[in-house]
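coords.csv (CSV, C-alpha atoms)
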```
chain,number,residue,atom,x,y,z
A,209,MET,CA,89.0,126.1,126.6
A,210,LEU,CA,86.0,126.9,124.4
A,211,GLU,CA,84.2,123.6,125.2
A,212,ASN,CA,81.1,125.4,126.4
A,213,PHE,CA,81.5,128.6,124.5
A,214,TYR,CA,78.6,129.9,122.3
A,215,PRO,CA,79.6,132.5,119.7
A,216,ALA,CA,77.7,135.8,119.7
A,217,TYR,CA,77.2,135.8,116.0
A,218,THR,CA,77.1,133.3,113.1
A,219,ALA,CA,80.0,132.9,110.7
A,220,THR,CA,79.2,134.2,107.2
A,221,VAL,CA,79.8,130.8,105.6
A,222,VAL,CA,77.4,129.1,108.0
A,223,GLN,CA,74.8,131.8,107.5
A,224,ARG,CA,75.0,131.5,103.8
A,225,LEU,CA,74.5,127.7,104.0
A,226,LEU,CA,71.5,128.1,106.3
A,227,ASP,CA,70.0,130.8,104.0
A,228,ALA,CA,70.3,128.3,101.1
A,229,GLY,CA,68.4,125.6,103.0
A,230,GLY,CA,71.2,123.8,104.7
A,231,ARG,CA,70.7,122.2,108.1
A,232,PHE,CA,73.3,122.6,110.8
A,233,VAL,CA,74.0,119.3,112.4
A,234,GLY,CA,76.8,120.1,114.9
A,235,LYS,CA,80.5,120.8,115.5
A,236,THR,CA,83.2,118.2,115.0
A,237,ASN,CA,86.4,117.3,116.9
A,238,MET,CA,89.7,118.8,115.8
A,239,ASP,CA,93.2,119.8,117.0
A,240,GLU,CA,93.0,122.6,119.6
A,241,PHE,CA,92.8,125.9,117.7
A,242,ALA,CA,93.7,124.0,114.5
A,243,MET,CA,97.3,123.6,115.7
A,244,GLY,CA,98.1,120.1,114.5
A,245,SER,CA,98.1,117.8,111.6
A,246,GLY,CA,96.6,114.6,113.1
A,247,SER,CA,93.5,115.7,115.1
A,248,VAL,CA,95.1,114.2,118.2
A,249,ASP,CA,95.6,117.4,120.3
A,250,SER,CA,92.1,117.8,121.6
A,251,ILE,CA,90.5,117.7,125.1
A,252,PHE,CA,87.9,115.4,123.6
A,253,GLY,CA,90.5,112.8,122.6
A,254,PRO,CA,91.9,111.9,119.2
A,255,VAL,CA,89.8,111.6,116.0
A,256,LYS,CA,90.2,108.0,114.7
A,257,ASN,CA,90.3,107.0,111.0
A,258,PRO,CA,87.0,105.5,109.9
A,259,TRP,CA,88.8,103.0,107.7
A,260,ASP,CA,91.0,101.7,110.5
A,261,SER,CA,90.5,103.0,114.1
A,262,ARG,CA,94.1,102.3,114.9
A,263,CYS,CA,95.1,105.1,112.5
A,264,ILE,CA,94.8,108.9,112.6
A,265,ALA,CA,92.2,110.7,110.6
A,266,GLY,CA,94.6,113.6,109.7
A,267,GLY,CA,94.2,117.2,110.7
A,268,SER,CA,93.6,119.6,111.9
A,269,SER,CA,90.0,119.4,110.7
A,270,GLY,CA,89.8,115.6,111.1
A,271,GLY,CA,86.4,115.4,112.7
A,272,SER,CA,84.8,117.0,109.6
A,273,ALA,CA,86.5,114.5,107.3
A,274,VAL,CA,85.3,111.6,109.4
A,275,ALA,CA,81.7,113.0,109.5
A,276,VAL,CA,81.6,113.0,105.7
A,277,ALA,CA,83.4,109.7,105.3
A,278,THR,CA,81.0,107.9,107.6
A,279,ARG,CA,77.9,109.5,105.9
A,280,ALA,CA,76.9,111.4,109.0
A,281,VAL,CA,76.6,114.5,106.9
A,282,ASP,CA,76.6,115.3,103.1
A,283,PHE,CA,79.3,117.8,103.5
A,284,ALA,CA,81.3,119.6,106.2
A,285,LEU,CA,83.4,122.7,106.6
A,286,GLY,CA,86.9,123.0,107.9
A,287,SER,CA,89.7,125.6,107.9
A,288,ASP,CA,92.7,125.0,105.6
A,289,THR,CA,95.7,127.1,106.7
A,290,GLY,CA,98.5,124.8,105.7
A,291,GLY,CA,96.7,121.7,104.6
A,292,SER,CA,94.2,121.1,107.4
A,293,VAL,CA,91.4,120.0,105.1
A,294,ARG,CA,93.4,118.4,102.3
A,295,ASN,CA,95.3,116.2,104.7
A,296,PRO,CA,92.4,114.5,106.5
A,297,ALA,CA,90.5,114.3,103.2
A,298,SER,CA,93.3,112.2,101.8
A,299,TYR,CA,93.5,109.9,104.8
A,300,CYS,CA,89.7,109.5,105.1
A,301,GLY,CA,89.0,109.0,101.4
A,302,VAL,CA,86.9,112.1,100.7
A,303,VAL,CA,87.2,115.3,98.6
A,304,GLY,CA,88.9,118.2,100.3
A,305,PHE,CA,88.8,121.6,98.6
A,306,LYS,CA,90.8,124.7,99.7
A,307,PRO,CA,89.6,127.8,97.7
A,308,SER,CA,91.8,130.7,96.7
A,309,TYR,CA,92.5,133.1,99.6
A,310,GLY,CA,89.9,135.9,99.6
A,311,THR,CA,87.3,133.8,97.7
A,312,VAL,CA,85.4,132.7,100.9
A,313,SER,CA,84.7,135.0,103.8
A,314,ARG,CA,86.7,134.4,107.0
A,315,HIS,CA,84.2,136.3,109.2
A,316,GLY,CA,83.4,134.2,112.2
A,317,LEU,CA,86.5,132.0,111.8
A,318,ILE,CA,88.9,131.8,114.7
A,319,SER,CA,92.1,133.0,113.2
A,320,LEU,CA,95.3,131.0,113.1
A,321,LEU,CA,97.5,132.5,110.4
A,322,ASN,CA,95.4,135.4,109.0
A,323,SER,CA,97.0,135.5,105.6
A,324,THR,CA,96.5,131.8,104.8
A,325,ASP,CA,93.3,130.9,106.7
A,326,VAL,CA,90.6,129.7,104.3
A,327,PRO,CA,87.2,128.1,105.1
A,328,ALA,CA,87.3,124.9,103.1
A,329,ILE,CA,85.0,122.1,102.1
A,330,PHE,CA,84.8,118.3,102.6
A,331,SER,CA,82.4,116.3,100.5
A,332,ARG,CA,82.2,112.9,98.8
A,333,THR,CA,82.2,114.1,95.3
A,334,VAL,CA,83.5,117.1,93.3
A,335,SER,CA,80.0,117.9,92.3
A,336,ASP,CA,78.9,118.3,95.9
A,337,THR,CA,81.9,120.5,96.5
A,338,ARG,CA,81.0,122.7,93.6
A,339,THR,CA,77.5,123.1,95.0
A,340,VAL,CA,78.7,124.1,98.4
A,341,PHE,CA,81.4,126.4,97.0
A,342,ASN,CA,78.8,128.3,94.9
A,343,VAL,CA,76.8,129.0,98.0
A,344,ILE,CA,79.6,130.2,100.4
A,345,SER,CA,81.9,132.0,98.0
A,346,GLY,CA,81.7,135.7,97.2
A,347,TRP,CA,82.3,139.1,98.6
A,348,ASP,CA,81.4,139.8,102.2
A,349,ALA,CA,81.3,143.3,103.7
A,350,LYS,CA,82.5,141.9,107.0
A,351,ASP,CA,85.7,140.5,105.5
A,352,SER,CA,87.9,143.1,103.7
A,353,THR,CA,90.0,140.4,102.2
A,354,THR,CA,87.2,139.0,100.0
A,355,PHE,CA,87.0,139.9,96.3
A,356,LYS,CA,84.1,142.0,94.9
A,357,GLU,CA,85.0,141.1,91.4
A,358,PRO,CA,83.6,137.9,89.8
A,359,PHE,CA,85.9,135.0,88.9
A,360,PRO,CA,88.1,135.8,85.9
A,361,ALA,CA,87.5,133.7,82.8
A,362,PRO,CA,89.8,130.6,82.9
A,363,LYS,CA,92.8,130.9,80.6
A,364,LYS,CA,92.1,127.4,79.3
A,365,GLN,CA,88.7,125.9,78.7
A,366,LEU,CA,87.9,122.2,78.9
A,367,LYS,CA,85.6,120.8,76.2
A,368,GLN,CA,82.0,120.6,77.5
A,369,TYR,CA,80.4,117.1,77.7
A,370,SER,CA,83.8,115.5,77.0
A,371,PRO,CA,85.7,113.4,79.6
A,372,ASP,CA,89.1,114.3,77.9
A,373,MET,CA,91.6,117.0,78.7
A,374,PRO,CA,93.3,117.6,75.4
A,375,LYS,CA,96.5,119.7,75.6
A,376,LEU,CA,96.0,120.4,79.3
A,377,ARG,CA,99.5,120.8,80.8
A,378,ILE,CA,100.0,119.0,84.1
A,379,GLY,CA,103.1,119.9,86.1
A,380,ILE,CA,104.9,117.4,88.3
A,381,PRO,CA,107.3,119.2,90.8
A,382,ARG,CA,110.7,117.6,90.9
A,383,GLU,CA,111.1,118.7,94.5
A,384,PHE,CA,108.1,116.6,95.6
A,385,LEU,CA,109.8,113.3,94.6
A,386,LEU,CA,111.1,112.8,98.1
A,387,PRO,CA,112.9,109.5,99.1
A,388,GLU,CA,110.1,108.8,101.6
A,389,LEU,CA,107.6,109.0,98.8
A,390,PHE,CA,109.2,106.2,97.0
A,391,ASP,CA,108.3,103.7,99.7
A,392,HIS,CA,104.7,104.8,100.3
A,393,ASN,CA,103.0,106.9,97.6
A,394,LEU,CA,105.1,106.9,94.5
A,395,MET,CA,103.0,104.3,92.6
A,396,PRO,CA,99.7,106.1,93.2
A,397,TYR,CA,101.3,109.3,92.1
A,398,LYS,CA,102.6,107.8,88.9
A,399,ASP,CA,99.3,106.0,88.3
A,400,THR,CA,97.4,109.3,88.6
A,401,ALA,CA,99.8,111.0,86.2
A,402,LYS,CA,99.3,108.2,83.7
A,403,ARG,CA,95.6,108.4,84.0
A,404,LEU,CA,95.8,112.1,83.2
A,405,GLU,CA,97.9,111.3,80.2
A,406,LEU,CA,95.3,108.9,79.0
A,407,LEU,CA,92.8,111.7,79.1
A,408,GLY,CA,94.9,113.7,76.7
A,409,ALA,CA,96.8,115.8,79.2
A,410,ASP,CA,100.5,116.7,78.7
A,411,VAL,CA,102.2,115.7,81.9
A,412,ARG,CA,105.6,117.3,82.3
A,413,PRO,CA,108.2,118.0,85.0
A,414,ILE,CA,108.4,121.4,86.6
A,415,SER,CA,110.5,123.0,89.4
A,416,LEU,CA,109.4,124.8,92.6
A,417,PRO,CA,112.9,125.4,93.9
A,418,HIS,CA,112.0,127.0,97.2
A,419,SER,CA,109.5,124.3,98.3
A,420,GLU,CA,112.0,122.9,100.8
A,421,TYR,CA,111.8,126.0,102.9
A,422,ALA,CA,108.0,126.1,103.0
A,423,ASN,CA,107.6,124.3,106.3
A,424,ALA,CA,110.1,126.5,108.1
A,425,CYS,CA,108.6,129.6,106.6
A,426,TYR,CA,105.1,128.6,107.6
A,427,ALA,CA,106.2,127.7,111.2
A,428,VAL,CA,107.6,131.2,111.8
A,429,LEU,CA,104.8,133.1,110.2
A,430,CYS,CA,102.2,130.9,112.0
A,431,ALA,CA,103.8,131.3,115.4
A,432,CYS,CA,103.9,135.1,114.9
A,433,ASP,CA,100.2,135.3,114.1
A,434,VAL,CA,99.4,132.9,116.9
A,435,ALA,CA,101.2,135.1,119.4
A,436,SER,CA,98.7,137.9,118.5
A,437,ASN,CA,95.5,135.9,117.7
A,438,MET,CA,95.6,133.6,120.7
A,439,ALA,CA,96.6,136.2,123.3
A,440,ARG,CA,92.9,136.7,124.2
A,441,TYR,CA,92.6,133.0,125.1
A,442,ASP,CA,94.5,133.4,128.4
A,443,GLY,CA,92.5,131.0,130.4
A,444,ILE,CA,91.0,133.7,132.6
A,445,GLU,CA,87.7,134.6,130.8
A,446,PHE,CA,87.1,131.2,129.2
A,447,GLY,CA,88.4,128.9,131.9
A,448,HIS,CA,90.9,126.2,131.1
A,449,ARG,CA,94.4,127.2,130.0
A,450,SER,CA,95.6,126.1,126.6
A,451,GLN,CA,97.6,122.9,126.0
A,452,ALA,CA,101.3,122.7,125.6
A,453,VAL,CA,101.2,122.9,121.8
A,454,VAL,CA,99.3,126.2,121.8
A,455,ARG,CA,101.5,127.7,124.6
A,456,GLY,CA,104.6,126.7,122.7
A,457,ARG,CA,103.5,128.5,119.5
A,458,ILE,CA,102.5,131.6,121.4
A,459,LEU,CA,106.0,131.7,123.1
A,460,ALA,CA,107.7,131.0,119.8
A,461,GLY,CA,105.8,133.8,118.1
A,462,ASN,CA,106.7,136.3,120.9
A,463,TYR,CA,110.3,135.2,120.6
A,464,PHE,CA,110.3,135.7,116.8
A,465,LEU,CA,108.7,139.2,117.2
A,466,LEU,CA,111.2,140.5,119.7
A,467,LYS,CA,113.0,143.6,118.4
A,468,ARG,CA,116.4,141.8,118.3
A,469,ASN,CA,114.9,138.8,116.4
A,470,TYR,CA,112.3,140.4,114.1
A,471,SER,CA,114.5,140.8,111.1
A,472,ALA,CA,116.2,137.4,111.4
A,473,TYR,CA,113.0,135.5,111.7
A,474,PHE,CA,109.8,137.2,110.7
A,475,GLU,CA,111.2,139.4,107.9
A,476,GLN,CA,113.2,136.5,106.4
A,477,ALA,CA,110.1,134.2,106.5
A,478,ALA,CA,108.1,136.9,104.7
A,479,LYS,CA,110.8,137.1,102.0
A,480,VAL,CA,110.9,133.3,101.6
A,481,ARG,CA,107.1,133.2,101.3
A,482,ARG,CA,107.3,135.7,98.4
A,483,LEU,CA,109.9,133.4,96.7
A,484,ILE,CA,107.6,130.4,97.1
A,485,ALA,CA,104.6,132.3,95.7
A,486,ASP,CA,106.8,133.5,92.8
A,487,ASP,CA,107.8,129.9,92.0
A,488,PHE,CA,104.1,129.0,91.5
A,489,GLN,CA,103.4,132.2,89.6
A,490,ARG,CA,106.3,131.6,87.2
A,491,VAL,CA,105.2,128.0,86.4
A,492,PHE,CA,101.7,129.1,85.6
A,493,GLU,CA,102.4,132.4,83.8
A,494,SER,CA,105.2,131.0,81.7
A,495,GLY,CA,102.9,128.2,80.4
A,496,GLN,CA,104.8,125.4,81.9
A,497,ALA,CA,101.7,124.1,83.6
A,498,ASP,CA,97.9,124.8,83.7
A,499,VAL,CA,97.5,122.6,86.8
A,500,ILE,CA,100.0,121.1,89.2
A,501,LEU,CA,99.6,117.5,90.4
A,502,ALA,CA,101.1,116.6,93.8
A,503,PRO,CA,100.7,114.1,96.6
A,504,VAL,CA,98.9,115.3,99.7
A,505,THR,CA,100.8,113.1,102.2
A,506,LEU,CA,103.9,110.9,102.1
A,507,GLY,CA,101.7,107.8,102.3
A,508,GLU,CA,98.7,106.2,104.0
A,509,ALA,CA,97.5,107.3,107.5
A,510,PRO,CA,100.0,106.5,110.2
A,511,GLU,CA,99.1,104.5,113.3
A,512,LEU,CA,97.8,106.6,116.2
A,513,ASP,CA,100.4,105.4,118.7
A,514,ALA,CA,103.4,106.0,116.4
A,515,PHE,CA,102.1,109.4,115.4
A,516,CYS,CA,101.5,110.5,119.0
A,517,GLY,CA,105.1,109.5,119.8
A,518,LEU,CA,106.3,112.4,117.7
A,519,ASP,CA,106.5,116.0,118.8
A,520,ASN,CA,104.0,118.5,117.2
A,521,ARG,CA,106.7,120.1,115.1
A,522,THR,CA,107.9,116.8,113.6
A,523,GLN,CA,104.3,115.8,113.0
A,524,GLN,CA,103.7,119.0,111.0
A,525,GLU,CA,106.9,118.7,109.0
A,526,LEU,CA,106.0,115.2,107.9
A,527,GLN,CA,102.3,115.9,107.2
A,528,ASP,CA,102.4,119.4,105.6
A,529,TRP,CA,105.3,119.1,103.2
A,530,PHE,CA,103.2,119.0,100.0
A,531,THR,CA,100.3,121.2,101.2
A,532,VAL,CA,101.9,124.3,102.8
A,533,GLY,CA,103.2,125.8,99.5
A,534,ALA,CA,99.8,126.3,97.9
A,535,SER,CA,98.6,127.9,101.2
A,536,LEU,CA,101.5,130.3,101.4
A,537,ALA,CA,100.8,131.3,97.7
A,538,GLY,CA,97.0,131.6,98.3
A,539,LEU,CA,96.2,129.1,95.5
A,540,PRO,CA,93.2,126.9,95.1
A,541,ALA,CA,93.9,123.2,95.7
A,542,ILE,CA,91.8,120.1,95.9
A,543,SER,CA,92.5,116.6,97.4
A,544,LEU,CA,90.9,113.8,95.5
A,545,PRO,CA,90.7,110.2,96.6
A,546,ILE,CA,92.5,108.1,93.9
A,547,GLY,CA,92.5,104.7,95.4
A,548,LEU,CA,93.8,102.5,98.3
A,549,SER,CA,97.3,102.0,99.5
A,550,VAL,CA,99.0,98.7,98.7
A,551,LYS,CA,100.2,98.1,102.2
A,552,ARG,CA,97.0,98.3,104.3
A,553,GLN,CA,94.3,99.2,101.8
A,554,LEU,CA,93.8,102.7,103.3
A,555,PRO,CA,92.7,105.7,101.2
A,556,VAL,CA,95.3,107.7,99.3
A,557,GLY,CA,94.6,111.2,97.9
A,558,MET,CA,96.3,113.3,95.3
A,559,GLN,CA,96.0,117.1,95.0
A,560,LEU,CA,95.6,119.4,92.1
A,561,ILE,CA,96.7,123.0,92.4
A,562,ALA,CA,95.6,125.8,90.0
A,563,PRO,CA,96.5,129.4,89.5
A,564,PHE,CA,95.1,132.1,91.8
A,565,ARG,CA,91.3,132.5,91.6
A,566,GLU,CA,90.9,129.8,88.9
A,567,ASP,CA,88.9,127.8,91.4
A,568,LEU,CA,86.1,126.9,88.9
A,569,PHE,CA,88.6,125.7,86.4
A,570,LEU,CA,90.3,123.5,89.1
A,571,LEU,CA,86.9,122.0,90.0
A,572,ASP,CA,86.4,121.2,86.3
A,573,VAL,CA,89.7,119.4,86.0
A,574,ALA,CA,89.1,117.5,89.3
A,575,GLU,CA,85.7,116.4,88.1
A,576,ARG,CA,87.2,115.0,84.8
A,577,LEU,CA,89.7,113.0,86.8
A,578,GLU,CA,87.1,111.8,89.3
A,579,THR,CA,84.9,110.6,86.4
A,580,SER,CA,87.8,108.6,85.0
A,581,LEU,CA,88.5,107.1,88.4
A,582,ARG,CA,84.9,106.0,88.8
A,583,THR,CA,85.3,103.9,85.6
A,584,GLN,CA,88.5,102.4,87.0
A,585,PHE,CA,86.9,101.4,90.3
A,586,GLY,CA,83.5,100.3,88.8
A,587,VAL,CA,81.2,102.7,90.6
A,588,ASP,CA,78.1,104.2,89.0
A,589,ASP,CA,78.3,107.8,87.7
A,590,GLY,CA,77.7,110.3,90.5
A,591,ARG,CA,78.8,108.0,93.4
A,592,PRO,CA,82.0,108.5,95.4
A,593,ILE,CA,85.1,106.8,93.9
A,594,LEU,CA,85.7,104.5,96.9
A,595,GLU,CA,82.0,103.6,97.4
A,596,ASN,CA,82.3,99.9,96.9
A,597,TYR,CA,85.4,99.6,99.0
A,598,TRP,CA,83.9,101.6,101.8
A,599,ASN,CA,80.8,99.4,102.0
A,600,ASP,CA,83.1,96.4,102.6
A,601,ARG,CA,85.4,98.2,105.1
A,602,SER,CA,82.7,99.8,107.1
A,603,GLN,CA,81.1,96.5,107.9
A,604,THR,CA,84.4,95.0,108.9
A,605,TYR,CA,85.3,97.8,111.3
A,606,GLY,CA,81.8,98.9,112.4
A,607,CYS,CA,82.4,102.5,111.4
A,608,VAL,CA,78.7,103.2,110.5
```
Would you put the structure from the file into structure tokens?
Amino acid sequence: MLENFYPAYTATVVQRLLDAGGRFVGKTNMDEFAMGSGSVDSIFGPVKNPWDSRCIAGGSSGGSAVAVATRAVDFALGSDTGGSVRNPASYCGVVGFKPSYGTVSRHGLISLLNSTDVPAIFSRTVSDTRTVFNVISGWDAKDSTTFKEPFPAPKKQLKQYSPDMPKLRIGIPREFLLPELFDHNLMPYKDTAKRLELLGADVRPISLPHSEYANACYAVLCACDVASNMARYDGIEFGHRSQAVVRGRILAGNYFLLKRNYSAYFEQAAKVRRLIADDFQRVFESGQADVILAPVTLGEAPELDAFCGLDNRTQQELQDWFTVGASLAGLPAISLPIGLSVKRQLPVGMQLIAPFREDLFLLDVAERLETSLRTQFGVDDGRPILENYWNDRSQTYGCV
């Protein structure tokens, strides 16, 4: 619908990057209006995984992840509403960082779910992510949801010039140990927890009891916002009408917002969201955990044909289980590549989640873990974790 559309103004995040000396290369492919979790719902065709073109790249910001993974750009932007940056980052073997809500301006971003949309960053290292984040974060007069206050001092400090994390409490949510995870991603999850323990962290179980309702809650809230935000894209002014996925969410949102349905759907979803956010807040404020460690996806990237055989709702439920909660709570989260899957040697990512507005602390923790993983995989300091594996794979599949 917006194939030939040129915006009348530049988004704040883009303008800040240009002002800092960045060079704009282009726009990347993605799910239409960010309504997907595989980057397969696009008029330009699906985005393919650079490690294996038979697999999805993840979504909805899959094109940006591929651009970074293939070295086409040093970094890229995406929008993370329910996991749309962390998911493709995990599948493509790059770093994907979703800042706290209100930390980065949304001015110029086409809205999906206003209260969880966050401009997010893809890069190959945490250091690069930090550099970009320092440029794009901060108050913006054009976005009333951004904070004027500087970041609060972290409640826990990591030792400078030390790779260790003494006494750092890492929470493992019991609710994230799904049966499906046992077949695909449990060993990488355990290995990451053990690595953090070797660095001195105290890894302990925690509970996020309302996590199982996160997907349903997100589906209702997102559809309600879509019904409003996407009403302007009616296919008259801009041409082509939207695809079935977008139409379906608009219709669902209008149904949920009907007077007779409002309290049963929208109001209940808003209450559940509060419970989910309270779960995270309780864990952090009670001292149970300083950071939460969680998978990003159930396993390695699924094959394109199998993924496209599922309806959009099922795709989302399978892909967003571990990522939606942090989005509903507005928390900072980062997906870090931690190795390759046993089955097909495809990238696997894990995410770290920190308290609200402790973005800089989260980046510190992620950088310590990244440094440790570099040692494990035998790459020089400063290079991406999967650098050596990528060089072999890219030659095999002709991805660069």
Around (108.2, 133.6, 101.2) in the file's own coordinates, what residues are found within 9 Å if you use only C-alpha atoms, given back as a PDB file with C-alpha atoms, in the frame of the given file?
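out11.pdb, freshly written:
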```pdb
ATOM      1  CA  HIS A 418     112.000 127.000  97.200  1.00  0.00           C
ATOM      2  CA  TYR A 421     111.800 126.000 102.900  1.00  0.00           C
ATOM      3  CA  ALA A 422     108.000 126.100 103.000  1.00  0.00           C
ATOM      4  CA  CYS A 425     108.600 129.600 106.600  1.00  0.00           C
ATOM      5  CA  TYR A 426     105.100 128.600 107.600  1.00  0.00           C
ATOM      6  CA  GLN A 476     113.200 136.500 106.400  1.00  0.00           C
ATOM      7  CA  ALA A 477     110.100 134.200 106.500  1.00  0.00           C
ATOM      8  CA  ALA A 478     108.100 136.900 104.700  1.00  0.00           C
ATOM      9  CA  LYS A 479     110.800 137.100 102.000  1.00  0.00           C
ATOM     10  CA  VAL A 480     110.900 133.300 101.600  1.00  0.00           C
ATOM     11  CA  ARG A 481     107.100 133.200 101.300  1.00  0.00           C
ATOM     12  CA  ARG A 482     107.300 135.700  98.400  1.00  0.00           C
ATOM     13  CA  LEU A 483     109.900 133.400  96.700  1.00  0.00           C
ATOM     14  CA  ILE A 484     107.600 130.400  97.100  1.00  0.00           C
ATOM     15  CA  ALA A 485     104.600 132.300  95.700  1.00  0.00           C
ATOM     16  CA  ASP A 486     106.800 133.500  92.800  1.00  0.00           C
ATOM     17  CA  LEU A 536     101.500 130.300 101.400  1.00  0.00           C
ATOM     18  CA  ALA A 537     100.800 131.300  97.700  1.00  0.00           C
TER      19      ALA A 537
END
```
Produce a table with one row for each residue of range 334-403 of chain A that has an atom at most 7 Å from any atom of range 494-504 of chain A, each row naming the nearest atom pair and its distance in Å at one decimal; use only C-alpha atoms; arrange rows by chain and rising residue number; format as JSON lines.
```
{"residue": "A:Leu376", "atom": "CA", "partner": "A:Asp498", "partner_atom": "CA", "distance": 6.5}
{"residue": "A:Arg377", "atom": "CA", "partner": "A:Ala497", "partner_atom": "CA", "distance": 4.9}
{"residue": "A:Ile378", "atom": "CA", "partner": "A:Val499", "partner_atom": "CA", "distance": 5.1}
{"residue": "A:Gly379", "atom": "CA", "partner": "A:Ile500", "partner_atom": "CA", "distance": 4.5}
{"residue": "A:Ile380", "atom": "CA", "partner": "A:Leu501", "partner_atom": "CA", "distance": 5.7}
{"residue": "A:Tyr397", "atom": "CA", "partner": "A:Pro503", "partner_atom": "CA", "distance": 6.6}
```
Measuring between all atoms listed in the file, which one of A:Pro545, A:Gly456, A:Gly316, A:Gly246 shows the shortest distance to Ser268 in chain A?
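The shortest atom-to-atom distance to Ser268 in chain A comes from A:Gly246.
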Could you check which of A:Phe213, A:Arg457, A:Val274, A:Asn469 is closest to Ser298 in chain A, using all atoms listed in the file?
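So, comparing all the options, the nearest one is A:Val274.
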Take CA of Asn322 in chain A and CA of Val428 in chain A and report the distance between them in Å, one decimal.
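A separation of 13.2 Å between them.
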Taking only C-alpha atoms into account, which of A:Trp529, A:Phe341, A:Phe464, A:Phe515 comes nearest Ser419 in chain A?
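Distance minimum relative to Ser419 in chain A lands on A:Trp529.
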Write out as a ChimeraX atom specification each polymer residue whose atoms come within 12 Å of Glu578 in chain A, counting all atoms listed in the file; drop sequence neighbours fewer than 2 positions from it.
/A:302-303,332-335,371-372,400,403-404,407,542-547,557-560,571-576,580-585,587-594
Compare A:Asn237, A:Ser549, A:Ser245, A:Thr311 by their minimum atom-to-atom distance to Ile344 in chain A, counting all atoms listed in the file, and give me the closest one.
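Of all the options, A:Thr311 lies closest to Ile344 in chain A.
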Please measure the separation of CA of Thr339 in chain A and CA of Thr505 in chain A, giving the value in Å to one decimal.
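So the answer is 26.4 Å.
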For Gly461 in chain A, which of A:Leu321, A:Pro563, A:Glu595, A:Leu526 is the closest residue, counting only C-alpha atoms?
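Smallest distance to Gly461 in chain A is found for A:Leu321.
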Have a look at A:Leu429, A:Leu385, A:Cys300, A:Val293 and name the one nearest to Lys256 in chain A; count only C-alpha atoms.
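The answer is A:Cys300, which sits nearest to Lys256 in chain A.
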Rounded to one decimal, what separation in Å do you get between CA of Leu317 in chain A and CA of Ala219 in chain A?
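Rounded to one decimal, the two atoms are 6.7 Å apart.
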Name all residues at most 10 Å from range 430-437 of chain A (count only C-alpha atoms; drop same-chain ones fewer than 2 positions away) and give them as JSON, numbers by chain.
{"A": [241, 243, 289, 290, 318, 319, 320, 321, 322, 323, 324, 424, 425, 426, 427, 428, 439, 440, 441, 454, 455, 456, 457, 458, 459, 460, 461, 462, 463, 464, 465, 470, 473, 474]}
Distance query Glu383 in chain A at most 7 Å, all atoms listed in the file, self and fewer than 6 positions along chain excluded, as a PyMOL selection string:
chain A and resi 415-417+419
Residues within 10 Å of Tyr299 in chain A, only C-alpha atoms, excluding chain neighbours under 4 positions, as a PyMOL selection string:
chain A and resi 257-259+263-267+270+273-274+294-295+504-505+507-510+545+548+554-557
